[in-house]
Protein chains: 2
Amino acid sequence: MVGIEEVAAAAGVSTATVSRAIRGLPRVSPATRARILAKAEELGYVPSSAASRLATGKTRTVGVLAPYVDRWFFGKAIAGVDRELHGRGYNLSLFNLGGRSAPRERLFSRSMVHKQIDALLLLCMYLYPEEVEDLHEIDMPLVVVGGPVAGIATVGIDDYQAARTITEHLIGLGHRHIALLHGSDDLELNFSVPKIRVEGFHDAVHAADLEIDPDAVFFGNFTVASGAEALRRFLTLPEPRPTAMVCASDEMALGVLFEARRHGLRVPEDLSIVGIDGHEMGACAGLTTVWQDPTGQARRGTQMLLAELGGEVGAVHSEVAEQRLVVRETTAPPAAF
Amino acid sequence: MVGIEEVAAAAGVSTATVSRAIRGLPRVSPATRARILAKAEELGYVPSSAASRLATGKTRTVGVLAPYVDRWFFGKAIAGVDRELHGRGYNLSLFNLGGRSAPRERLFSRSMVHKQIDALLLLCMYLYPEEVEDLHEIDMPLVVVGGPVAGIATVGIDDYQAARTITEHLIGLGHRHIALLHGSDDLELNFSVPKIRVEGFHDAVHAADLEIDPDAVFFGNFTVASGAEALRRFLTLPEPRPTAMVCASDEMALGVLFEARRHGLRVPEDLSIVGIDGHEMGACAGLTTVWQDPTGQARRGTQMLLAELGGEVGAVHSEVAEQRLVVRETTAPPAAF
DNA sequence: TTGAAAGCGCTAACAC
DNA sequence: GTGTTAGCGCTTTCAA
């Protein structure tokens, strides 16, 4: 393993000069720099990241905390973080909290995160109050993508507006009796996102002078399977049933859609279905939804983190991300309309 | 930032003893150990990973190289790696190669991976010949999950058998004219997986004394959208069209399924559709498939890596993962049968 | 069982 | 523009 000393010796300079040359710092003459770079290349020199971490105190690594990595939003977001990071020579250290839900097992302000990363990006997740406290005590750039956490800068869509938009779309079509499938208070996920979306739904319904049928409010956990399950419960409702269902995510909406078809319900004639997200699968299945771009949101968050690390104080700040109603084939006026 | 010296001072011992105590090494009396641990806890001491990396030469980090992170197989696999790693105090450093396909930009044996990780897990991807060479030169435990790479230990299903099984299922049902949708030679993906799956298909067809209709062989890139696109091309075939289609992945099969329904084709009456993977979405949509478990495969691969790092020479080895035909609702005998 | 001290390989003042 | 040198915070012989 060739070290900086060997390069220095080969190039006939000191290690300090090699260090400057390799890192592109000023105060090295073009000629020496070229000679050093050539020798380094020739010897196959790669700086020891451990040594430079120790010497500089910087890890050039950002941590990503995610409740899941195998779900749409998270996979997309992680891809976004990676894109920004590796392009600029930063490393991505992934922490998947899935499964380990007891707060004592997730202590991230301690050993996990501490001293291993320069900045932290949180992906929309439920946090225990004590964890939020821990977070505030972490002395490094911090941003959350996908769902608000009190007191921390957030990049994400306006969830209230998303739910409201999609509900109003249905009302505009003439639906008066609308079912809701929202995310449960899954301990793995940020508590506020489901709650906020429900508020948007409520307000839209009430603003149209309609009522919410408590029996037509279902809970899911953001998976397709939970959507299918919800549709089965929907079928047990006495007629006349709601003519539309708003789902808090596309994955759940797709579950509802599949199961509806399986049971012979016609979509949208018998039941209009809407989701939130913009999942590719939804596009192919013709699902009406509110589109959002998790990759872009994560890139934005990462850029802020990097800017802050670059000395730009105040670079990290909350930002509302783009969303767009995409009307496709799962919504139509109710049959009786 | 409290360091080992402060703990040593507080406990009235040397830093060497603190180091041993903290890491659970022998040669520390129970009493001193307890005292040290207590002080460390009290002072909120967290060892500097940078310093210990430098001193030991070990990073306690394993690298994961993936061509994508936002696709089913990869998300599942990454979750599996994470699970094994963090449980044992290892870190996961993620490298997403998506997008950067030019070989010169992905040199992973150099700076990227070098000296930053103790072991490397590759997720099924296409590799340039020179990259395979680089890989062989890397002097650390190495395993690939999901698709064979010449000369490197692999954990994954028997792709040939998967394709053959699914095709024989169709033939057993009475189908004589079967279309194929396979993965293209996408430069991001391991070249061999699509190829091997095609062979399984071919052999099954020929073994039944049937012919392959070259016009009924489509290419996709493993996305839903490419499945939908393939179905559209399928519809341009002159009648009588194939009565079944085998797809190299569930995501593509779902695309075919959605698009078939949109065009009024009845599945499975007019067209039987099968996939490979065991995607949750497929389960809900009733898709017949060959199930596999990427999470489990990745866990297995990670365990091997960790065992090897633990000194168990030969722990890393190729292993064939479990697969299972799951017959659901998208397959049936052809209508005319 | 414990301690002293020499590194691990690089960076950052500061001097030249 | 370049070199000297003292760390960065931990681990690891080797002695005691």
# chains A, B, ... in the order shown; residues from 1 in each chain; ligands from 1

call {"tool": "select_by_dssp", "arguments": {"residues": "stretch 64-247 of chain B", "states": "helix (DSSP H, G or I)", "output": "JSON, numbers by chain"}}
result
{"B": [72, 73, 74, 75, 76, 77, 78, 79, 80, 81, 82, 83, 84, 85, 86, 87, 103, 104, 105, 108, 109, 110, 111, 112, 129, 130, 131, 132, 133, 134, 135, 136, 137, 159, 160, 161, 162, 163, 164, 165, 166, 167, 168, 169, 170, 171, 172, 173, 192, 193, 194, 195, 196, 197, 198, 199, 200, 201, 202, 203, 204, 205, 206, 207, 214, 215, 216, 224, 225, 226, 227, 228, 229, 230, 231, 232, 233, 234, 235]}

call {"tool": "closest_atom_pairs", "arguments": {"of": "chain D", "to": "chain B", "cutoff": "12 Å", "atoms": "only C-alpha atoms (C1' of nucleotides)", "output": "Markdown table"}}
result
| residue | atom | partner | partner_atom | distance |
| --- | --- | --- | --- | --- |
| D:DC8 | C1' | B:Ala51 | CA | 7.6 |
| D:DG9 | C1' | B:Ala51 | CA | 5.0 |
| D:DC10 | C1' | B:Ala51 | CA | 4.9 |
| D:DT11 | C1' | B:Ala55 | CA | 5.5 |
| D:DT12 | C1' | B:Ala16 | CA | 8.5 |
| D:DT13 | C1' | B:Ala16 | CA | 11.3 |

call {"tool": "interface_residues", "arguments": {"of": "chain C", "to": "chain B", "cutoff": "8 Å", "atoms": "only C-alpha atoms (C1' of nucleotides)", "output": "list in words"}}
result
DT1, DT2, DG3, DC8 and DG9 of chain C

call {"tool": "select_by_dssp", "arguments": {"residues": "stretch 101-303 of chain A", "states": "strand (DSSP E or B)", "output": "PyMOL selection string"}}
result
chain A and resi 119-123+142-145+149+152+154-156+178-183+217-220+244-247+272-277+288-292

call {"tool": "residues_around", "arguments": {"residues": "stretch 230-234 of chain B", "least_positions_apart": "2", "cutoff": "10 Å", "atoms": "only C-alpha atoms (C1' of nucleotides)", "output": "short mmCIF file (atom, residue, chain, number, x, y, z; two decimals) with all heavy atoms, in the first residue's frame"}}
result
data_model
loop_
_atom_site.label_atom_id
_atom_site.label_comp_id
_atom_site.auth_asym_id
_atom_site.auth_seq_id
_atom_site.Cartn_x
_atom_site.Cartn_y
_atom_site.Cartn_z
N ALA B 179 -44.89 -16.02 -26.50
CA ALA B 179 -44.05 -14.84 -26.74
C ALA B 179 -43.07 -14.69 -25.58
O ALA B 179 -43.29 -15.22 -24.49
CB ALA B 179 -44.93 -13.60 -26.84
N LEU B 180 -42.00 -13.96 -25.85
CA LEU B 180 -40.98 -13.75 -24.82
C LEU B 180 -40.67 -12.27 -24.70
O LEU B 180 -40.50 -11.57 -25.69
CB LEU B 180 -39.71 -14.51 -25.19
CG LEU B 180 -38.46 -14.22 -24.34
CD1 LEU B 180 -38.68 -14.71 -22.91
CD2 LEU B 180 -37.23 -14.88 -24.95
N LEU B 181 -40.63 -11.81 -23.47
CA LEU B 181 -40.19 -10.43 -23.23
C LEU B 181 -38.99 -10.53 -22.32
O LEU B 181 -39.11 -10.87 -21.15
CB LEU B 181 -41.30 -9.62 -22.54
CG LEU B 181 -40.88 -8.24 -22.00
CD1 LEU B 181 -40.20 -7.39 -23.07
CD2 LEU B 181 -42.07 -7.52 -21.41
N HIS B 182 -37.84 -10.29 -22.88
CA HIS B 182 -36.68 -10.42 -22.01
C HIS B 182 -35.96 -9.10 -21.82
O HIS B 182 -36.27 -8.11 -22.46
CB HIS B 182 -35.74 -11.51 -22.47
CG HIS B 182 -35.14 -11.31 -23.81
ND1 HIS B 182 -34.56 -12.32 -24.51
CD2 HIS B 182 -35.04 -10.22 -24.59
CE1 HIS B 182 -34.12 -11.85 -25.66
NE2 HIS B 182 -34.38 -10.61 -25.73
N ASP B 215 -40.70 -13.18 -34.30
CA ASP B 215 -41.44 -11.92 -34.25
C ASP B 215 -42.09 -11.71 -32.89
O ASP B 215 -42.55 -10.62 -32.57
CB ASP B 215 -42.54 -11.90 -35.33
CG ASP B 215 -41.93 -11.80 -36.72
OD1 ASP B 215 -40.80 -11.27 -36.82
OD2 ASP B 215 -42.57 -12.27 -37.68
N ALA B 216 -42.15 -12.78 -32.13
CA ALA B 216 -42.80 -12.68 -30.82
C ALA B 216 -41.78 -12.61 -29.69
O ALA B 216 -42.05 -12.98 -28.56
CB ALA B 216 -43.75 -13.86 -30.61
N VAL B 217 -40.59 -12.15 -30.04
CA VAL B 217 -39.56 -11.97 -29.01
C VAL B 217 -39.34 -10.47 -28.84
O VAL B 217 -38.96 -9.78 -29.77
CB VAL B 217 -38.24 -12.65 -29.44
CG1 VAL B 217 -37.13 -12.28 -28.46
CG2 VAL B 217 -38.43 -14.16 -29.50
N PHE B 218 -39.65 -10.00 -27.66
CA PHE B 218 -39.55 -8.56 -27.40
C PHE B 218 -38.45 -8.25 -26.39
O PHE B 218 -38.05 -9.10 -25.60
CB PHE B 218 -40.88 -8.04 -26.87
CG PHE B 218 -42.03 -8.36 -27.78
CD1 PHE B 218 -42.82 -9.50 -27.55
CD2 PHE B 218 -42.33 -7.55 -28.87
CE1 PHE B 218 -43.87 -9.81 -28.40
CE2 PHE B 218 -43.38 -7.86 -29.72
CZ PHE B 218 -44.16 -8.99 -29.49
N PHE B 219 -38.02 -7.00 -26.44
CA PHE B 219 -36.99 -6.56 -25.51
C PHE B 219 -37.53 -5.50 -24.57
O PHE B 219 -38.32 -4.66 -24.99
CB PHE B 219 -35.80 -5.96 -26.26
CG PHE B 219 -35.04 -6.98 -27.03
CD1 PHE B 219 -35.47 -7.41 -28.27
CD2 PHE B 219 -33.88 -7.53 -26.48
CE1 PHE B 219 -34.77 -8.37 -28.98
CE2 PHE B 219 -33.17 -8.49 -27.18
CZ PHE B 219 -33.62 -8.91 -28.44
N GLY B 220 -37.12 -5.57 -23.34
CA GLY B 220 -37.53 -4.54 -22.39
C GLY B 220 -36.34 -4.23 -21.52
O GLY B 220 -35.29 -4.85 -21.66
N VAL B 224 -41.69 -1.34 -15.70
CA VAL B 224 -43.10 -1.50 -16.07
C VAL B 224 -43.38 -0.89 -17.42
O VAL B 224 -44.08 -1.47 -18.23
CB VAL B 224 -44.07 -0.76 -15.09
CG1 VAL B 224 -45.11 -1.71 -14.55
CG2 VAL B 224 -43.34 0.01 -14.04
N ALA B 225 -42.84 0.30 -17.60
CA ALA B 225 -43.10 1.01 -18.85
C ALA B 225 -42.67 0.18 -20.05
O ALA B 225 -43.37 0.13 -21.06
CB ALA B 225 -42.37 2.35 -18.85
N SER B 226 -41.55 -0.49 -19.93
CA SER B 226 -41.09 -1.28 -21.07
C SER B 226 -41.99 -2.49 -21.28
O SER B 226 -42.10 -3.00 -22.39
CB SER B 226 -39.62 -1.70 -20.88
OG SER B 226 -39.49 -2.69 -19.89
N GLY B 227 -42.66 -2.95 -20.23
CA GLY B 227 -43.61 -4.05 -20.38
C GLY B 227 -44.83 -3.58 -21.17
O GLY B 227 -45.31 -4.26 -22.08
N ALA B 228 -45.30 -2.38 -20.81
CA ALA B 228 -46.46 -1.83 -21.50
C ALA B 228 -46.14 -1.65 -22.98
O ALA B 228 -46.93 -2.01 -23.86
CB ALA B 228 -46.83 -0.48 -20.87
N THR B 236 -49.44 -5.63 -32.52
CA THR B 236 -49.26 -5.42 -33.95
C THR B 236 -48.98 -6.73 -34.69
O THR B 236 -48.90 -6.75 -35.91
CB THR B 236 -48.09 -4.45 -34.23
OG1 THR B 236 -46.87 -5.09 -33.84
CG2 THR B 236 -48.26 -3.16 -33.45
N LEU B 237 -48.79 -7.79 -33.94
CA LEU B 237 -48.54 -9.09 -34.59
C LEU B 237 -49.79 -9.54 -35.32
O LEU B 237 -50.91 -9.29 -34.87
CB LEU B 237 -48.18 -10.14 -33.54
CG LEU B 237 -46.84 -10.01 -32.80
CD1 LEU B 237 -46.69 -11.15 -31.81
CD2 LEU B 237 -45.69 -10.01 -33.80
N PRO B 238 -49.62 -10.22 -36.42
CA PRO B 238 -50.78 -10.74 -37.15
C PRO B 238 -51.40 -11.90 -36.36
O PRO B 238 -50.70 -12.61 -35.65
CB PRO B 238 -50.18 -11.23 -38.47
CG PRO B 238 -48.75 -11.55 -38.12
CD PRO B 238 -48.35 -10.54 -37.10
N ARG B 241 -52.20 -14.65 -32.71
CA ARG B 241 -51.09 -14.20 -31.88
C ARG B 241 -50.75 -15.27 -30.84
O ARG B 241 -51.54 -16.17 -30.57
CB ARG B 241 -51.48 -12.94 -31.13
CG ARG B 241 -51.78 -11.77 -32.03
CD ARG B 241 -51.73 -10.50 -31.22
NE ARG B 241 -52.53 -9.47 -31.86
CZ ARG B 241 -53.75 -9.13 -31.48
NH1 ARG B 241 -54.32 -9.74 -30.43
NH2 ARG B 241 -54.42 -8.21 -32.12
N PRO B 242 -49.58 -15.14 -30.24
CA PRO B 242 -49.22 -16.07 -29.16
C PRO B 242 -50.31 -16.02 -28.07
O PRO B 242 -50.96 -15.00 -27.89
CB PRO B 242 -47.90 -15.50 -28.63
CG PRO B 242 -47.31 -14.77 -29.78
CD PRO B 242 -48.47 -14.20 -30.53
N MET B 245 -47.27 -15.05 -22.73
CA MET B 245 -46.01 -14.32 -22.79
C MET B 245 -45.22 -14.55 -21.51
O MET B 245 -45.77 -14.40 -20.42
CB MET B 245 -46.26 -12.82 -22.98
CG MET B 245 -44.94 -12.09 -23.16
SD MET B 245 -44.99 -10.30 -23.54
CE MET B 245 -46.37 -10.04 -24.53
N MET B 252 -41.86 -6.01 -15.54
CA MET B 252 -42.24 -5.99 -16.95
C MET B 252 -43.57 -6.71 -17.16
O MET B 252 -44.43 -6.26 -17.91
CB MET B 252 -41.15 -6.62 -17.81
CG MET B 252 -39.87 -5.79 -17.84
SD MET B 252 -38.75 -6.25 -19.17
CE MET B 252 -38.22 -7.86 -18.63
N ALA B 253 -43.75 -7.81 -16.47
CA ALA B 253 -44.99 -8.58 -16.62
C ALA B 253 -46.19 -7.73 -16.21
O ALA B 253 -47.25 -7.78 -16.83
CB ALA B 253 -44.93 -9.85 -15.78
N GLY B 255 -46.39 -4.52 -16.39
CA GLY B 255 -46.60 -3.54 -17.45
C GLY B 255 -47.41 -4.16 -18.59
O GLY B 255 -48.33 -3.55 -19.12
N VAL B 256 -47.08 -5.39 -18.92
CA VAL B 256 -47.80 -6.10 -19.96
C VAL B 256 -49.26 -6.29 -19.54
O VAL B 256 -50.18 -6.04 -20.31
CB VAL B 256 -47.15 -7.49 -20.21
CG1 VAL B 256 -48.03 -8.32 -21.14
CG2 VAL B 256 -45.75 -7.32 -20.80
N LEU B 257 -49.42 -6.68 -18.31
CA LEU B 257 -50.76 -6.93 -17.78
C LEU B 257 -51.64 -5.68 -17.81
O LEU B 257 -52.78 -5.71 -18.29
CB LEU B 257 -50.62 -7.46 -16.34
CG LEU B 257 -51.90 -7.70 -15.54
CD1 LEU B 257 -52.80 -8.70 -16.25
CD2 LEU B 257 -51.54 -8.19 -14.13
N PHE B 258 -51.11 -4.58 -17.31
CA PHE B 258 -51.88 -3.33 -17.30
C PHE B 258 -52.28 -2.94 -18.71
O PHE B 258 -53.43 -2.62 -18.98
CB PHE B 258 -51.04 -2.18 -16.73
CG PHE B 258 -50.69 -2.35 -15.28
CD1 PHE B 258 -49.47 -1.91 -14.79
CD2 PHE B 258 -51.59 -2.93 -14.39
CE1 PHE B 258 -49.14 -2.04 -13.45
CE2 PHE B 258 -51.26 -3.07 -13.04
CZ PHE B 258 -50.04 -2.63 -12.58
N GLU B 259 -51.31 -2.98 -19.58
CA GLU B 259 -51.55 -2.52 -20.94
C GLU B 259 -52.52 -3.47 -21.67
O GLU B 259 -53.34 -3.04 -22.46
CB GLU B 259 -50.22 -2.42 -21.69
CG GLU B 259 -50.25 -1.54 -22.91
CD GLU B 259 -50.52 -0.07 -22.60
OE1 GLU B 259 -50.45 0.32 -21.41
OE2 GLU B 259 -50.81 0.67 -23.55
N ALA B 260 -52.42 -4.75 -21.37
CA ALA B 260 -53.32 -5.72 -21.99
C ALA B 260 -54.76 -5.39 -21.60
O ALA B 260 -55.66 -5.35 -22.44
CB ALA B 260 -52.97 -7.13 -21.55
N HIS B 263 -56.18 -2.43 -23.28
CA HIS B 263 -56.56 -2.66 -24.68
C HIS B 263 -57.65 -3.71 -24.81
O HIS B 263 -57.90 -4.22 -25.89
CB HIS B 263 -55.32 -3.06 -25.49
CG HIS B 263 -54.39 -1.92 -25.71
ND1 HIS B 263 -54.55 -1.00 -26.72
CD2 HIS B 263 -53.29 -1.52 -25.03
CE1 HIS B 263 -53.60 -0.09 -26.66
NE2 HIS B 263 -52.83 -0.38 -25.63
#

call {"tool": "closest_residue", "arguments": {"among": "A:Leu173, A:Glu6, A:Thr165, A:Lys115", "to": "chain B", "atoms": "only C-alpha atoms"}}
result
A:Lys115

call {"tool": "residues_around", "arguments": {"residues": "B:Asp159", "least_positions_apart": "6", "cutoff": "10 Å", "atoms": "only C-alpha atoms (C1' of nucleotides)", "output": "list in words"}}
result
Gly146, Gly147, Pro148, Thr165, Ser192, Val193, Pro194, Lys195, Ile196, Arg197, Val198, Glu199, Gly200, Ala248, Ile276, Val320 and Gln323 of chain B

call {"tool": "residues_around", "arguments": {"residues": "A:Ser93", "least_positions_apart": "4", "cutoff": "6 Å", "atoms": "only C-alpha atoms (C1' of nucleotides)", "output": "list in words"}}
result
Gly63 of chain A; Leu92 and Ser93 of chain B

call {"tool": "write_last_selection", "arguments": {"atoms": "N, CA, C and O atoms", "output": "PDB file, in the first residue's frame"}}
result
ATOM      1  N   GLY A  63     -24.618  10.859   6.147  1.00  0.00           N
ATOM      2  CA  GLY A  63     -25.452   9.750   6.577  1.00  0.00           C
ATOM      3  C   GLY A  63     -26.876   9.923   6.073  1.00  0.00           C
ATOM      4  O   GLY A  63     -27.376  11.038   5.989  1.00  0.00           O
TER       5      GLY A  63
ATOM      6  N   LEU B  92     -22.637   0.615   6.343  1.00  0.00           N
ATOM      7  CA  LEU B  92     -22.931   0.295   4.950  1.00  0.00           C
ATOM      8  C   LEU B  92     -22.677   1.522   4.104  1.00  0.00           C
ATOM      9  O   LEU B  92     -23.278   2.572   4.302  1.00  0.00           O
ATOM     10  N   SER B  93     -21.758   1.389   3.188  1.00  0.00           N
ATOM     11  CA  SER B  93     -21.440   2.498   2.302  1.00  0.00           C
ATOM     12  C   SER B  93     -22.009   2.172   0.930  1.00  0.00           C
ATOM     13  O   SER B  93     -21.630   1.193   0.302  1.00  0.00           O
TER      14      SER B  93
END

call {"tool": "closest_residue", "arguments": {"among": "A:Cys284, A:Leu25, A:Ala11, A:Val205", "to": "chain B", "atoms": "only C-alpha atoms"}}
result
A:Cys284

call {"tool": "residues_around", "arguments": {"residues": "A:Val145", "least_positions_apart": "4", "cutoff": "6 Å", "atoms": "only C-alpha atoms (C1' of nucleotides)", "output": "PyMOL selection string"}}
result
chain A and resi 123-124+154-156

call {"tool": "write_last_selection", "arguments": {"atoms": "N, CA and C atoms", "output": "CSV table (one decimal), in the first residue's frame"}}
result
chain,number,residue,atom,x,y,z
A,123,LEU,N,-34.9,10.6,6.1
A,123,LEU,CA,-36.0,10.4,5.2
A,123,LEU,C,-37.2,10.2,6.0
A,124,CYS,N,-38.2,11.0,5.7
A,124,CYS,CA,-39.5,11.0,6.2
A,124,CYS,C,-39.8,9.8,7.2
A,154,THR,N,-37.0,21.2,6.4
A,154,THR,CA,-37.6,20.1,5.6
A,154,THR,C,-37.8,20.4,4.1
A,155,VAL,N,-37.5,19.4,3.3
A,155,VAL,CA,-37.8,19.5,1.9
A,155,VAL,C,-38.9,18.5,1.6
A,156,GLY,N,-40.0,19.0,1.0
A,156,GLY,CA,-41.0,18.0,0.7
A,156,GLY,C,-42.3,18.7,0.2

call {"tool": "residues_around", "arguments": {"residues": "A:Trp72", "least_positions_apart": "2", "cutoff": "8 Å", "atoms": "only C-alpha atoms (C1' of nucleotides)", "output": "MDAnalysis selection string"}}
result
(chainID A and resid 70 74:76 279) or (chainID B and resid 70)

call {"tool": "write_last_selection", "arguments": {"atoms": "C-alpha atoms", "output": "short mmCIF file (atom, residue, chain, number, x, y, z; two decimals), in the first residue's frame"}}
result
data_model
loop_
_atom_site.label_atom_id
_atom_site.label_comp_id
_atom_site.auth_asym_id
_atom_site.auth_seq_id
_atom_site.Cartn_x
_atom_site.Cartn_y
_atom_site.Cartn_z
CA ASP A 70 -37.36 -1.01 -0.33
CA PHE A 74 -37.26 5.87 -0.20
CA GLY A 75 -35.60 4.13 -3.09
CA LYS A 76 -36.13 7.18 -5.26
CA HIS A 279 -45.43 5.83 -8.80
CA ASP B 70 -34.92 2.34 -6.80
#

call {"tool": "closest_residue", "arguments": {"among": "A:Glu319, A:Asp293, A:Glu308, A:Asp82", "to": "chain B", "atoms": "only C-alpha atoms"}}
result
A:Asp82
